Every structure is written in structure tokens, then in C-alpha cells.
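Pasted below: run-v6.cif, mmCIF, C-alpha atoms.
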```
data_structure
#
loop_
_atom_site.label_atom_id
_atom_site.label_comp_id
_atom_site.auth_asym_id
_atom_site.auth_seq_id
_atom_site.Cartn_x
_atom_site.Cartn_y
_atom_site.Cartn_z
CA MET A 27 0.00 0.00 0.00
CA SER A 28 1.42 3.37 -0.90
CA LYS A 29 1.65 5.94 1.77
CA LYS A 30 0.59 9.45 0.92
CA THR A 31 2.10 12.46 2.54
CA ILE A 32 0.25 15.70 2.41
CA GLN A 33 2.48 18.66 2.97
CA ILE A 34 0.91 21.65 4.62
CA VAL A 35 2.40 24.55 2.70
CA LYS A 36 0.38 27.34 4.23
CA LYS A 37 -1.13 27.85 7.64
CA ILE A 38 -4.85 27.47 7.23
CA MET A 39 -6.45 30.67 8.39
CA SER A 40 -8.96 30.65 11.16
CA ALA A 41 -12.43 31.86 10.19
CA ASN A 42 -11.81 34.95 12.31
CA ASP A 43 -8.50 35.78 10.62
CA GLN A 44 -10.12 35.29 7.20
CA ILE A 45 -12.89 37.79 8.00
CA ALA A 46 -10.39 40.17 9.64
CA GLU A 47 -8.38 40.18 6.40
CA GLU A 48 -11.53 40.93 4.40
CA ASN A 49 -12.38 43.76 6.80
CA GLN A 50 -8.92 45.23 6.31
CA GLU A 51 -9.17 44.99 2.52
CA PHE A 52 -12.50 46.83 2.69
CA LEU A 53 -11.02 49.53 4.96
CA ASN A 54 -7.96 49.87 2.68
CA SER A 55 -10.24 50.36 -0.32
CA LYS A 56 -11.74 53.36 1.46
CA ASN A 57 -8.44 54.66 2.94
CA ILE A 58 -9.79 54.41 6.45
CA LEU A 59 -7.10 54.02 9.10
CA THR A 60 -8.47 51.66 11.75
CA ILE A 61 -7.27 51.20 15.31
CA ASN A 62 -8.32 48.55 17.83
CA VAL A 63 -8.26 49.97 21.35
CA MET A 64 -7.90 47.36 24.10
CA ALA A 65 -7.66 47.81 27.86
CA SER A 66 -8.83 46.78 31.29
CA PRO A 67 -12.21 48.09 32.46
CA GLY A 68 -11.86 51.66 33.69
CA SER A 69 -8.43 52.41 32.24
CA GLY A 70 -9.89 55.23 30.15
CA LYS A 71 -10.73 53.87 26.68
CA THR A 72 -13.74 56.12 26.22
CA SER A 73 -11.96 59.13 27.73
CA LEU A 74 -9.09 58.63 25.27
CA ILE A 75 -11.50 58.34 22.35
CA LEU A 76 -13.41 61.48 23.38
CA ARG A 77 -10.22 63.54 23.72
CA THR A 78 -8.86 62.13 20.46
CA ILE A 79 -12.06 63.19 18.69
CA GLU A 80 -11.77 66.66 20.23
CA ASN A 81 -8.15 66.91 19.17
CA ILE A 82 -8.27 65.71 15.57
CA SER A 83 -11.87 65.93 14.30
CA SER A 84 -11.25 69.36 12.75
CA GLN A 85 -8.81 67.75 10.28
CA SER A 86 -10.00 64.11 10.06
CA LYS A 87 -13.46 62.56 9.93
CA ILE A 88 -13.87 59.89 12.57
CA ALA A 89 -16.26 56.98 13.15
CA VAL A 90 -16.42 54.65 16.15
CA ILE A 91 -17.38 51.02 16.75
CA GLU A 92 -18.10 50.54 20.41
CA GLY A 93 -17.92 47.06 21.93
CA ASP A 94 -19.81 46.32 25.14
CA THR A 95 -20.79 43.18 27.02
CA ALA A 96 -24.12 44.66 28.06
CA PRO A 97 -26.81 46.65 26.22
CA VAL A 98 -25.99 49.95 27.94
CA THR A 99 -25.32 53.03 25.84
CA ILE A 100 -23.30 55.10 28.34
CA ASP A 101 -20.16 55.23 26.16
CA SER A 102 -21.81 55.36 22.75
CA ASP A 103 -24.07 58.22 23.91
CA LYS A 104 -21.01 60.27 24.90
CA ILE A 105 -19.51 59.75 21.44
CA SER A 106 -22.76 60.30 19.59
CA ASN A 107 -23.21 63.61 21.46
CA LEU A 108 -20.11 64.86 19.61
CA ASN A 109 -21.87 64.18 16.27
CA ILE A 110 -19.57 61.28 15.50
CA PRO A 111 -21.09 58.26 13.73
CA VAL A 112 -21.04 55.38 16.21
CA ILE A 113 -22.30 51.80 16.20
CA GLN A 114 -22.54 49.92 19.45
CA ILE A 115 -21.98 46.18 19.35
CA ASN A 116 -23.34 44.27 22.32
CA THR A 117 -21.36 41.03 22.54
CA GLY A 118 -24.01 39.42 24.74
CA GLY A 119 -21.60 38.61 27.53
CA GLU A 120 -18.63 37.65 25.31
CA CYS A 121 -15.31 39.01 26.55
CA HIS A 122 -14.04 40.40 23.22
CA LEU A 123 -15.08 41.65 19.80
CA ASP A 124 -14.43 39.41 16.81
CA ALA A 125 -14.00 40.14 13.12
CA LEU A 126 -17.57 39.11 12.24
CA MET A 127 -19.03 41.54 14.78
CA VAL A 128 -16.86 44.29 13.30
CA ARG A 129 -17.99 43.39 9.76
CA THR A 130 -21.60 43.77 10.91
CA GLY A 131 -20.67 47.15 12.37
CA LEU A 132 -18.98 48.24 9.14
CA GLU A 133 -22.12 47.38 7.17
CA GLN A 134 -24.22 49.63 9.36
CA LEU A 135 -21.92 52.67 9.65
CA ASP A 136 -22.02 55.54 7.19
CA LEU A 137 -18.33 55.58 6.22
CA SER A 138 -18.38 58.24 3.52
CA ASN A 139 -15.33 60.50 3.84
CA ILE A 140 -14.23 58.80 7.07
CA ASN A 141 -10.43 58.87 7.62
CA LEU A 142 -10.21 57.18 11.00
CA LEU A 143 -12.20 54.32 12.49
CA ILE A 144 -11.71 53.72 16.18
CA ILE A 145 -12.81 50.33 17.52
CA GLU A 146 -13.26 50.31 21.28
CA ASN A 147 -12.93 46.69 22.32
CA VAL A 148 -14.57 45.12 25.39
CA GLY A 149 -12.81 46.00 28.66
CA ASN A 150 -10.57 42.99 29.20
CA LEU A 151 -6.80 42.37 29.30
CA ILE A 152 -7.00 38.73 28.20
CA CYS A 153 -9.54 37.72 25.54
CA PRO A 154 -9.19 40.55 22.96
CA ALA A 155 -5.51 39.66 22.44
CA ALA A 156 -6.43 36.56 20.43
CA PHE A 157 -8.82 38.16 17.92
CA ARG A 158 -7.73 40.34 15.02
CA LEU A 159 -10.56 42.53 13.75
CA GLY A 160 -9.15 43.99 10.55
CA GLU A 161 -7.41 46.92 12.25
CA HIS A 162 -4.18 48.49 10.99
CA PHE A 163 -2.89 49.18 14.49
CA SER A 164 -3.61 47.69 17.89
CA ILE A 165 -3.38 49.92 20.93
CA VAL A 166 -3.37 49.04 24.62
CA ILE A 167 -4.24 51.58 27.30
CA ALA A 168 -2.72 50.84 30.69
CA SER A 169 -3.30 53.21 33.59
CA ILE A 170 -1.33 54.26 36.66
CA PRO A 171 -3.74 52.95 39.35
CA GLU A 172 -3.77 49.47 37.76
CA GLY A 173 -0.17 49.03 38.91
CA ASP A 174 3.24 48.68 37.31
CA ASP A 175 3.21 44.85 37.21
CA LYS A 176 0.54 44.38 34.54
CA PRO A 177 2.95 43.60 31.64
CA TYR A 178 4.32 40.73 33.74
CA LYS A 179 0.89 39.38 34.66
CA TYR A 180 -1.00 39.83 31.38
CA PRO A 181 1.80 39.52 28.79
CA ASN A 182 -0.22 38.40 25.76
CA ILE A 183 -2.12 41.65 25.34
CA TYR A 184 1.13 43.67 25.09
CA ARG A 185 2.64 41.52 22.36
CA GLY A 186 2.02 42.52 18.78
CA ILE A 187 0.59 45.95 19.56
CA GLN A 188 1.98 49.04 17.86
CA SER A 189 1.20 51.65 20.47
CA LEU A 190 0.94 51.66 24.25
CA ILE A 191 -0.72 54.44 26.21
CA LEU A 192 -0.15 54.84 29.93
CA ASN A 193 -3.12 56.90 31.11
CA LYS A 194 -3.90 58.75 34.35
CA THR A 195 -0.39 60.13 34.89
CA ASP A 196 -2.14 62.82 36.98
CA LEU A 197 -2.49 60.14 39.70
CA LEU A 198 1.27 59.42 39.88
CA PRO A 199 1.74 61.48 43.08
CA TYR A 200 -0.87 59.36 44.90
CA VAL A 201 -0.07 55.83 43.71
CA ASP A 202 3.05 53.65 43.99
CA PHE A 203 3.99 53.11 40.37
CA ASN A 204 7.51 52.52 39.10
CA ILE A 205 7.57 53.59 35.45
CA ASP A 206 10.99 52.00 34.85
CA TYR A 207 9.75 48.62 36.09
CA PHE A 208 6.65 48.93 33.90
CA LYS A 209 8.74 49.84 30.84
CA GLN A 210 11.18 46.99 31.41
CA GLY A 211 8.23 44.59 31.35
CA ILE A 212 7.01 46.09 28.10
CA GLU A 213 10.44 46.12 26.46
CA ALA A 214 10.82 42.39 27.15
CA LEU A 215 7.53 41.66 25.37
CA ASN A 216 7.49 44.25 22.62
CA PRO A 217 10.77 46.14 22.14
CA GLY A 218 10.46 49.60 20.68
CA VAL A 219 6.66 49.85 20.86
CA ALA A 220 5.48 53.47 20.64
CA PHE A 221 4.88 54.57 24.24
CA PHE A 222 2.73 57.51 25.36
CA PRO A 223 2.40 58.35 29.06
CA LEU A 224 -0.45 60.88 29.27
CA SER A 225 -3.46 62.08 31.21
CA CYS A 226 -6.82 62.23 29.47
CA LYS A 227 -8.01 64.34 32.41
CA THR A 228 -5.40 67.11 32.34
CA GLY A 229 -4.23 66.69 28.75
CA GLU A 230 -0.58 66.26 29.80
CA GLY A 231 1.33 64.28 27.15
CA PHE A 232 -1.73 63.96 24.91
CA ASP A 233 -0.29 65.82 21.91
CA LYS A 234 2.42 63.21 21.31
CA TRP A 235 -0.22 60.47 21.00
CA ALA A 236 -2.37 62.68 18.75
CA ASP A 237 0.67 63.46 16.56
CA TRP A 238 1.48 59.74 16.21
CA LEU A 239 -2.11 59.08 15.14
CA LYS A 240 -2.24 62.02 12.72
CA THR A 241 0.93 60.75 11.02
CA ARG A 242 -0.64 57.28 10.62
CA ILE A 243 -3.77 58.85 9.09
CA GLN A 244 -1.61 60.85 6.66
CA GLU A 245 0.21 57.67 5.62
CA MET A 246 -3.11 56.04 4.63
CA LYS A 247 -3.97 58.76 2.12
CA MET B 27 -47.12 4.93 17.05
CA SER B 28 -47.13 5.95 20.66
CA LYS B 29 -45.52 9.21 21.55
CA LYS B 30 -43.27 9.23 24.55
CA THR B 31 -42.76 12.31 26.62
CA ILE B 32 -39.73 12.53 28.81
CA GLN B 33 -40.12 15.01 31.57
CA ILE B 34 -37.00 16.77 32.71
CA VAL B 35 -37.38 16.91 36.45
CA LYS B 36 -34.02 18.29 37.34
CA LYS B 37 -31.67 20.63 35.57
CA ILE B 38 -28.73 18.58 34.40
CA MET B 39 -25.65 20.00 35.98
CA SER B 40 -22.76 21.20 33.90
CA ALA B 41 -19.50 19.35 34.45
CA ASN B 42 -18.12 22.48 36.09
CA ASP B 43 -21.06 22.82 38.50
CA GLN B 44 -20.77 19.13 39.37
CA ILE B 45 -17.11 19.47 40.32
CA ALA B 46 -17.79 22.77 42.12
CA GLU B 47 -20.36 20.96 44.26
CA GLU B 48 -17.86 18.22 45.05
CA ASN B 49 -15.26 20.86 45.97
CA GLN B 50 -17.74 22.47 48.34
CA GLU B 51 -18.63 19.13 49.97
CA PHE B 52 -14.92 18.51 50.53
CA LEU B 53 -14.43 21.99 52.02
CA ASN B 54 -17.52 21.55 54.23
CA SER B 55 -16.14 18.26 55.53
CA LYS B 56 -13.08 20.16 56.72
CA ASN B 57 -14.98 23.26 57.93
CA ILE B 58 -12.97 25.51 55.62
CA LEU B 59 -14.76 28.71 54.69
CA THR B 60 -13.92 29.48 51.07
CA ILE B 61 -14.21 32.78 49.23
CA ASN B 62 -13.78 33.45 45.51
CA VAL B 63 -12.29 36.90 44.95
CA MET B 64 -13.02 38.38 41.53
CA ALA B 65 -12.04 41.77 40.08
CA SER B 66 -10.59 43.72 37.22
CA PRO B 67 -6.78 43.71 36.82
CA GLY B 68 -5.23 46.15 39.26
CA SER B 69 -8.24 46.71 41.52
CA GLY B 70 -6.32 45.36 44.49
CA LYS B 71 -7.08 41.64 44.88
CA THR B 72 -3.62 40.76 46.18
CA SER B 73 -3.48 43.87 48.39
CA LEU B 74 -6.80 42.89 49.93
CA ILE B 75 -5.62 39.34 50.51
CA LEU B 76 -2.36 40.50 52.10
CA ARG B 77 -4.13 42.89 54.47
CA THR B 78 -6.76 40.26 55.29
CA ILE B 79 -4.01 37.80 56.20
CA GLU B 80 -2.36 40.45 58.40
CA ASN B 81 -5.67 41.24 60.08
CA ILE B 82 -7.01 37.76 60.84
CA SER B 83 -4.15 35.26 60.71
CA SER B 84 -3.63 35.46 64.48
CA GLN B 85 -7.07 33.89 65.01
CA SER B 86 -7.66 31.88 61.82
CA LYS B 87 -5.39 29.72 59.67
CA ILE B 88 -5.47 30.79 56.05
CA ALA B 89 -4.53 29.18 52.72
CA VAL B 90 -4.61 30.76 49.27
CA ILE B 91 -5.17 29.54 45.71
CA GLU B 92 -3.80 32.09 43.30
CA GLY B 93 -5.09 32.16 39.72
CA ASP B 94 -2.93 33.75 37.02
CA THR B 95 -2.95 33.73 33.22
CA ALA B 96 0.83 33.69 33.04
CA PRO B 97 3.54 31.74 34.90
CA VAL B 98 4.71 34.69 37.00
CA THR B 99 4.90 34.35 40.76
CA ILE B 100 4.71 38.03 41.76
CA ASP B 101 1.50 37.62 43.78
CA SER B 102 2.09 34.13 45.15
CA ASP B 103 5.57 35.14 46.35
CA LYS B 104 4.08 38.03 48.35
CA ILE B 105 1.65 35.63 50.03
CA SER B 106 4.21 32.90 50.56
CA ASN B 107 6.51 35.45 52.25
CA LEU B 108 3.88 35.70 55.02
CA ASN B 109 4.24 31.93 55.67
CA ILE B 110 0.80 31.24 54.25
CA PRO B 111 0.34 28.03 52.22
CA VAL B 112 -0.28 29.08 48.64
CA ILE B 113 -0.76 27.24 45.35
CA GLN B 114 -0.50 29.14 42.11
CA ILE B 115 -2.63 27.95 39.20
CA ASN B 116 -1.50 29.15 35.79
CA THR B 117 -4.55 29.01 33.53
CA GLY B 118 -2.37 29.11 30.40
CA GLY B 119 -4.09 32.17 28.99
CA GLU B 120 -7.64 31.27 30.07
CA CYS B 121 -9.61 34.22 31.45
CA HIS B 122 -10.97 32.51 34.58
CA LEU B 123 -10.42 29.69 37.05
CA ASP B 124 -12.75 26.68 36.86
CA ALA B 125 -13.77 24.07 39.40
CA LEU B 126 -11.38 21.43 38.05
CA MET B 127 -8.39 23.77 38.41
CA VAL B 128 -9.45 24.47 42.00
CA ARG B 129 -9.81 20.73 42.71
CA THR B 130 -6.23 20.26 41.51
CA GLY B 131 -5.16 23.09 43.82
CA LEU B 132 -7.02 21.53 46.78
CA GLU B 133 -5.21 18.23 46.22
CA GLN B 134 -1.85 19.96 46.44
CA LEU B 135 -2.43 22.27 49.41
CA ASP B 136 -1.78 21.23 52.98
CA LEU B 137 -5.19 22.04 54.47
CA SER B 138 -4.70 20.72 58.01
CA ASN B 139 -6.26 23.13 60.52
CA ILE B 140 -7.10 25.67 57.79
CA ASN B 141 -10.19 27.79 58.57
CA LEU B 142 -10.23 30.08 55.55
CA LEU B 143 -9.35 29.42 51.91
CA ILE B 144 -9.06 32.49 49.71
CA ILE B 145 -9.22 31.89 45.96
CA GLU B 146 -7.85 34.81 43.95
CA ASN B 147 -9.44 34.50 40.53
CA VAL B 148 -7.89 35.78 37.27
CA GLY B 149 -8.19 39.56 36.85
CA ASN B 150 -11.26 39.89 34.67
CA LEU B 151 -14.74 41.38 35.09
CA ILE B 152 -16.44 39.07 32.59
CA CYS B 153 -15.38 35.41 32.40
CA PRO B 154 -15.15 34.44 36.11
CA ALA B 155 -18.85 35.28 36.62
CA ALA B 156 -19.92 32.11 34.82
CA PHE B 157 -17.84 29.57 36.74
CA ARG B 158 -18.59 28.43 40.28
CA LEU B 159 -15.53 26.94 41.97
CA GLY B 160 -16.97 25.43 45.14
CA GLU B 161 -16.75 28.64 47.17
CA HIS B 162 -19.19 29.56 49.95
CA PHE B 163 -19.08 33.25 49.12
CA SER B 164 -18.20 35.24 46.01
CA ILE B 165 -16.63 38.65 46.40
CA VAL B 166 -16.04 41.39 43.85
CA ILE B 167 -13.49 44.14 44.38
CA ALA B 168 -14.25 47.33 42.49
CA SER B 169 -11.96 50.34 42.84
CA ILE B 170 -12.38 54.10 42.71
CA PRO B 171 -10.18 54.82 39.65
CA GLU B 172 -12.08 52.24 37.56
CA GLY B 173 -15.06 54.59 37.57
CA ASP B 174 -18.59 54.60 38.96
CA ASP B 175 -20.24 53.14 35.84
CA LYS B 176 -18.83 49.61 36.07
CA PRO B 177 -22.01 47.98 37.49
CA TYR B 178 -23.90 49.27 34.45
CA LYS B 179 -21.28 48.06 31.97
CA TYR B 180 -20.31 44.69 33.48
CA PRO B 181 -23.53 43.65 35.24
CA ASN B 182 -23.08 39.87 35.30
CA ILE B 183 -20.15 39.87 37.70
CA TYR B 184 -22.12 41.80 40.34
CA ARG B 185 -25.10 39.42 40.32
CA GLY B 186 -25.07 36.54 42.77
CA ILE B 187 -22.13 37.80 44.84
CA GLN B 188 -22.45 38.11 48.61
CA SER B 189 -19.97 40.87 49.26
CA LEU B 190 -18.75 43.89 47.32
CA ILE B 191 -15.60 45.78 48.21
CA LEU B 192 -14.94 49.25 46.84
CA ASN B 193 -11.17 49.68 47.18
CA LYS B 194 -8.84 52.71 46.88
CA THR B 195 -11.14 55.16 48.68
CA ASP B 196 -7.92 57.11 49.41
CA LEU B 197 -8.05 58.22 45.75
CA LEU B 198 -11.57 59.74 46.05
CA PRO B 199 -10.24 63.33 46.29
CA TYR B 200 -8.43 62.95 42.95
CA VAL B 201 -10.96 61.04 40.83
CA ASP B 202 -14.52 61.84 39.71
CA PHE B 203 -16.51 59.06 41.32
CA ASN B 204 -20.14 59.33 42.40
CA ILE B 205 -20.69 56.71 45.10
CA ASP B 206 -24.49 57.13 44.98
CA TYR B 207 -24.55 56.40 41.25
CA PHE B 208 -22.31 53.36 41.77
CA LYS B 209 -24.53 52.07 44.61
CA GLN B 210 -27.71 52.56 42.58
CA GLY B 211 -26.23 50.38 39.87
CA ILE B 212 -25.36 47.69 42.41
CA GLU B 213 -28.74 47.82 44.13
CA ALA B 214 -30.51 47.22 40.82
CA LEU B 215 -28.45 44.07 40.23
CA ASN B 216 -28.01 42.70 43.74
CA PRO B 217 -30.16 44.40 46.38
CA GLY B 218 -28.79 44.31 49.90
CA VAL B 219 -25.35 42.91 49.02
CA ALA B 220 -22.83 43.51 51.82
CA PHE B 221 -20.89 46.63 50.76
CA PHE B 222 -17.47 47.67 52.07
CA PRO B 223 -15.85 50.89 50.84
CA LEU B 224 -12.25 50.76 52.07
CA SER B 225 -8.62 51.49 51.33
CA CYS B 226 -6.10 48.65 51.43
CA LYS B 227 -3.41 51.33 51.40
CA THR B 228 -4.48 53.40 54.43
CA GLY B 229 -6.63 50.78 56.18
CA GLU B 230 -9.68 53.08 56.25
CA GLY B 231 -12.87 50.98 56.41
CA PHE B 232 -10.95 47.70 56.47
CA ASP B 233 -12.20 46.51 59.89
CA LYS B 234 -15.80 46.23 58.71
CA TRP B 235 -14.78 43.86 55.93
CA ALA B 236 -12.58 41.87 58.32
CA ASP B 237 -15.45 41.63 60.84
CA TRP B 238 -17.83 40.37 58.15
CA LEU B 239 -15.31 37.69 57.18
CA LYS B 240 -14.56 36.69 60.79
CA THR B 241 -18.30 36.20 61.41
CA ARG B 242 -18.56 33.94 58.33
CA ILE B 243 -15.57 31.89 59.56
CA GLN B 244 -17.23 31.54 63.00
CA GLU B 245 -20.44 30.32 61.37
CA MET B 246 -18.54 27.50 59.64
CA LYS B 247 -17.31 26.03 62.92
#
```
Please re-express this file's structure in C-alpha cells.
Amino acid sequence: MSKKTIQIVKKIMSANDQIAEENQEFLNSKNILTINVMASPGSGKTSLILRTIENISSQSKIAVIEGDTAPVTIDSDKISNLNIPVIQINTGGECHLDALMVRTGLEQLDLSNINLLIIENVGNLICPAAFRLGEHFSIVIASIPEGDDKPYKYPNIYRGIQSLILNKTDLLPYVDFNIDYFKQGIEALNPGVAFFPLSCKTGEGFDKWADWLKTRIQEMK
Amino acid sequence: MSKKTIQIVKKIMSANDQIAEENQEFLNSKNILTINVMASPGSGKTSLILRTIENISSQSKIAVIEGDTAPVTIDSDKISNLNIPVIQINTGGECHLDALMVRTGLEQLDLSNINLLIIENVGNLICPAAFRLGEHFSIVIASIPEGDDKPYKYPNIYRGIQSLILNKTDLLPYVDFNIDYFKQGIEALNPGVAFFPLSCKTGEGFDKWADWLKTRIQEMK
């Protein structure tokens, strides 16, 4: 009996990765820079998005996909109040967005003339790391009161991201947080990642993040 | 042809619930009060456990099961340094502990004369809500810098718990946090839940939580 060997020449894509790639092709065809914002609950995802809108909406048109585990509209209302097109996706208890959910969101958003799509993922430092959505850049927001040991405890989320924001620097005088220790943890996982310590409350350090984002939007055009 | 009707008289237990029940029977047989501590990353689970050990270890013998998504021993080392028996369970990226993991932990811990077992779940406000471990009481730790809207955004974790801690009250002067709004959200999900605003850093409010726990330990005897 002859023995057949089948050589696997290409990694078979997961269904999620396949749809994520299609999402990115669609976004490329419209020149829409897309970022996937991931973080722990309460680290300031919505605050960052609101301040980013304030900072760059005079020069770039923005849309938002808002992921939530519950059907509350607290965050999407805040964004909608700024006259920004927003679609809320209720994951029904799931701990992350996936590419299919984002595709559904893309179908429902009016994307004419949009330059920047911000996807606010579900508040979670674990699950979102495993699901590409079609984004061009993945961002993690850490925050001072969460503690300086998070890169050591939740390493997966920091790998493969292109930008790391450290929010709530205004609380540094009141919290024990060793920035060098935090950065060492990050460097071990993701050397050279763009790093932006800032405060969404006071605005300190925000311009550097906004400049990074503006440059990425320019590069898409 | 006759038609048979099978009446379901009892909900068939999930494998996890079955093992959780066995864990609880085992813990009951040894009179070990067991609490499952759930929270977002950085809300202060380990700080609470360390201060609880300090506060009650003169009168009760304590053991700890420490759940982590990565093989780092930062938290378990801190506990072990206090001469408390501790087992670390690395979930290998999973976003919650389950009853089988806890059973494995129970098999490895020396539980002679233990009165209180503290299970520190993985830092996550979503996944741990769905998995009973065999605990007698479930606890959530929220914290001031996470924001007052968390009960509205992550409702499932607050349902069915017996005690809610609101940590980092020392940061109240520096953060916008409306305690009434937070409590309204909790009351809608879990009326009458035991509520302990406190600071693990300064100790403010800690005694009330410790008293609640001491009473529960007494009731087990």
C-alpha cells in the first residue's frame, strides 16, 4: 500500500483571521485608518477616544465602533453627542469583539469621507488579544492605578501591539507606580513599541499620542 | 405509534457545577470557609488578601489559591513570604479559574487546621462570573479609579455575589466618582449585598470587611 504524505504549505487561516483580512481589505479600499483599542475596564478607553475626537476631528473625519458586554449606551451616547457616527456592538456577555461583529458594524456605519475608524474593544486584558478585527494598528491603554506589574501578569495583550498608552499620569503622586519597572516589562515583550504616558483628564502628554495618530492617518492617504 | 414524553425533572448540571459541588462538599467536611475573589486587573485583589491575612491570621489559619494567566509568581511570592500556604494555578491564557483547576489546587495544598481558603481569581470582570468553583461566598473588588459606571457596563459579575468591596477610597479626592450612582447600579443588580468601601493602602474601612469575614468563619465552625 502506498503511503501518501500531504504537505501543509500554508497555515490554514482561522475563520476569524479570514474575515479580519476581508475587513482590512474593505477599509484599505476606502483609505480608512483603523485602530483597535484594548484595555482593562476603567483604564480610560472612552476618555481617550473622546479627547482624540476633540483633538483631531477638525482635520480628520472619525467613526467609532463601540464594543460592550451589556446593552448599555453610556459610552456610545457620549460619542454620539459629539456628532460622530457610532455603532454599538453588544457582545451578549462575550469578553471580546471578533471580526464578524466588526464586519456587521462596518455594514451599518455611514463611512463616507471617514479617515479614521476607532474600535473600542470590550474592557478585558486577556480575551481581545487573540482576535484580530481587521485593524491596521492595535493599541493598549494601561493606567497608573492598575499598577506597574501588569505587563508581567498579562503579557499576551502587550505583544504585537503598535502603540501603548499609559493613562492617568495625573495620579502618579498618589499611587506607587515605578515607570521604569513597567517599561522593562514592556520592552521584554514588545521592544520599541510606541509609548505615550499621558493624562486624558489634564491633557498632559496627549499631543504626542495625537501626533502619532495624525501621522498614521496621513500615511493612509 | 405511541408518543413518549420525557419530563426533565431536574436541571442537568454542567460538568463544572458538578465538580464545584464536590469541591464544596470537601471543604464543608473540613470546615474551611472558602471565598472566591473576583475583580478587574489592578483593583487590588492581592493587596486585599495580604491585608486580610495580616488582620485575621492570628485567630484563623489561612490558605490561598492564586489564579494567574501567566507563569509569574509576583502575587504568590508576596503571600508565601507571610508563611501562608499558597498554590499558584497558571490558567495558560484562560480568562478565569474553573472548578477542576481548583480541585487540583485543593489536592496539592496542605489544608490541616485551615479555617479560611481564599481563591484569587484571574483579573477579569467578565469570564469568572460564569464559573462556580466550590466557594461559599463570592466577592467582587471594584476600585475608585475604575469609575462609577462599572455595574452598568459589566452587570453579570455583580449578580449573585455576597460581598462587594470598593477599594482605593484614598483616591476619592483625585478622581470623579459618584458613590451614589455606583450604589444605585449595584442595588438594581443585587439588592442588599454587603458593601465595604475601604482602602487597602491606608486601612480606612478595612475593619468592617474583616469583621464580616470573621463572622462567616465563625459560622462554619
How would you write, as a VMD selection string, the residues chosen by the PyMOL selection byres ((chain B) within 10 of (chain A)) on this structure?
chain B and resid 65 to 70 94 to 101 119 to 122 148 to 153 156 169 to 176 178 to 182 194 196 to 197 200 to 201 227
Within 12 Å of B:Asn54, counting all atoms listed in the file, which residues show up once you throw out same-chain ones fewer than 4 positions away? Write them as an NGL selection string, please.
:B and (47-50 or 58-60 or 140-143 or 160-162 or 243 or 245-247)
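In this model, the gap between atom CA of A:Phe208 and atom CA of B:Pro111 comes to 28.5 Å.
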Quick one: residues within 10 Å of B:Gln188, all atoms listed in the file counted, chain neighbours fewer than 3 positions away excluded, as JSON, numbers by chain?
{"B": [61, 162, 163, 164, 165, 166, 184, 185, 216, 218, 219, 220, 221]}
Restrict the selected residues to C-alpha atoms and save them as a short mmCIF file (atom, residue, chain, number, x, y, z; two decimals), in the frame of the given file.
```
data_model
loop_
_atom_site.label_atom_id
_atom_site.label_comp_id
_atom_site.auth_asym_id
_atom_site.auth_seq_id
_atom_site.Cartn_x
_atom_site.Cartn_y
_atom_site.Cartn_z
CA ILE B 61 -14.21 32.78 49.23
CA HIS B 162 -19.19 29.56 49.95
CA PHE B 163 -19.08 33.25 49.12
CA SER B 164 -18.20 35.24 46.01
CA ILE B 165 -16.63 38.65 46.40
CA VAL B 166 -16.04 41.39 43.85
CA TYR B 184 -22.12 41.80 40.34
CA ARG B 185 -25.10 39.42 40.32
CA ASN B 216 -28.01 42.70 43.74
CA GLY B 218 -28.79 44.31 49.90
CA VAL B 219 -25.35 42.91 49.02
CA ALA B 220 -22.83 43.51 51.82
CA PHE B 221 -20.89 46.63 50.76
#
```
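Between A:Gly93 and the residues A:Leu76, A:Leu108, A:Ala214, A:Ile144, the shortest atom-to-atom distance, using all atoms listed in the file, involves A:Ile144.
Atom pair atom CA of A:Ile145 / atom CA of A:Asn62: separated by 4.8 Å.
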Shell of 6 Å around A:Val112, only C-alpha atoms, local chain residues under 5 positions omitted, as an MDAnalysis selection string:
chainID A and resid 89:91
Tell me which residues the PyMOL selection byres ((chain B and resi 192) around 6) grabs here, as a PyMOL selection string.
chain B and resi 167-169+191+193+223
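Taking atom CA of B:Leu132 as the reference point, atom CA of B:Ala236 is found at 24.0 Å.
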Contact residues around A:Ile45 with all atoms listed in the file at 10 Å, ignoring same-chain residues under 6 positions, as a PyMOL selection string
chain A and resi 39+51+124-129+158-160
Judged by all atoms listed in the file, the minimum distance to B:Ala155 among B:Met64, B:Gly229, B:Lys87, B:Gln244 is found for B:Met64
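Among the candidates A:Leu74, A:Leu239, A:Val63, A:Ile115, the residue lying nearest to A:Ile187 is A:Val63 (atoms considered: only C-alpha atoms).
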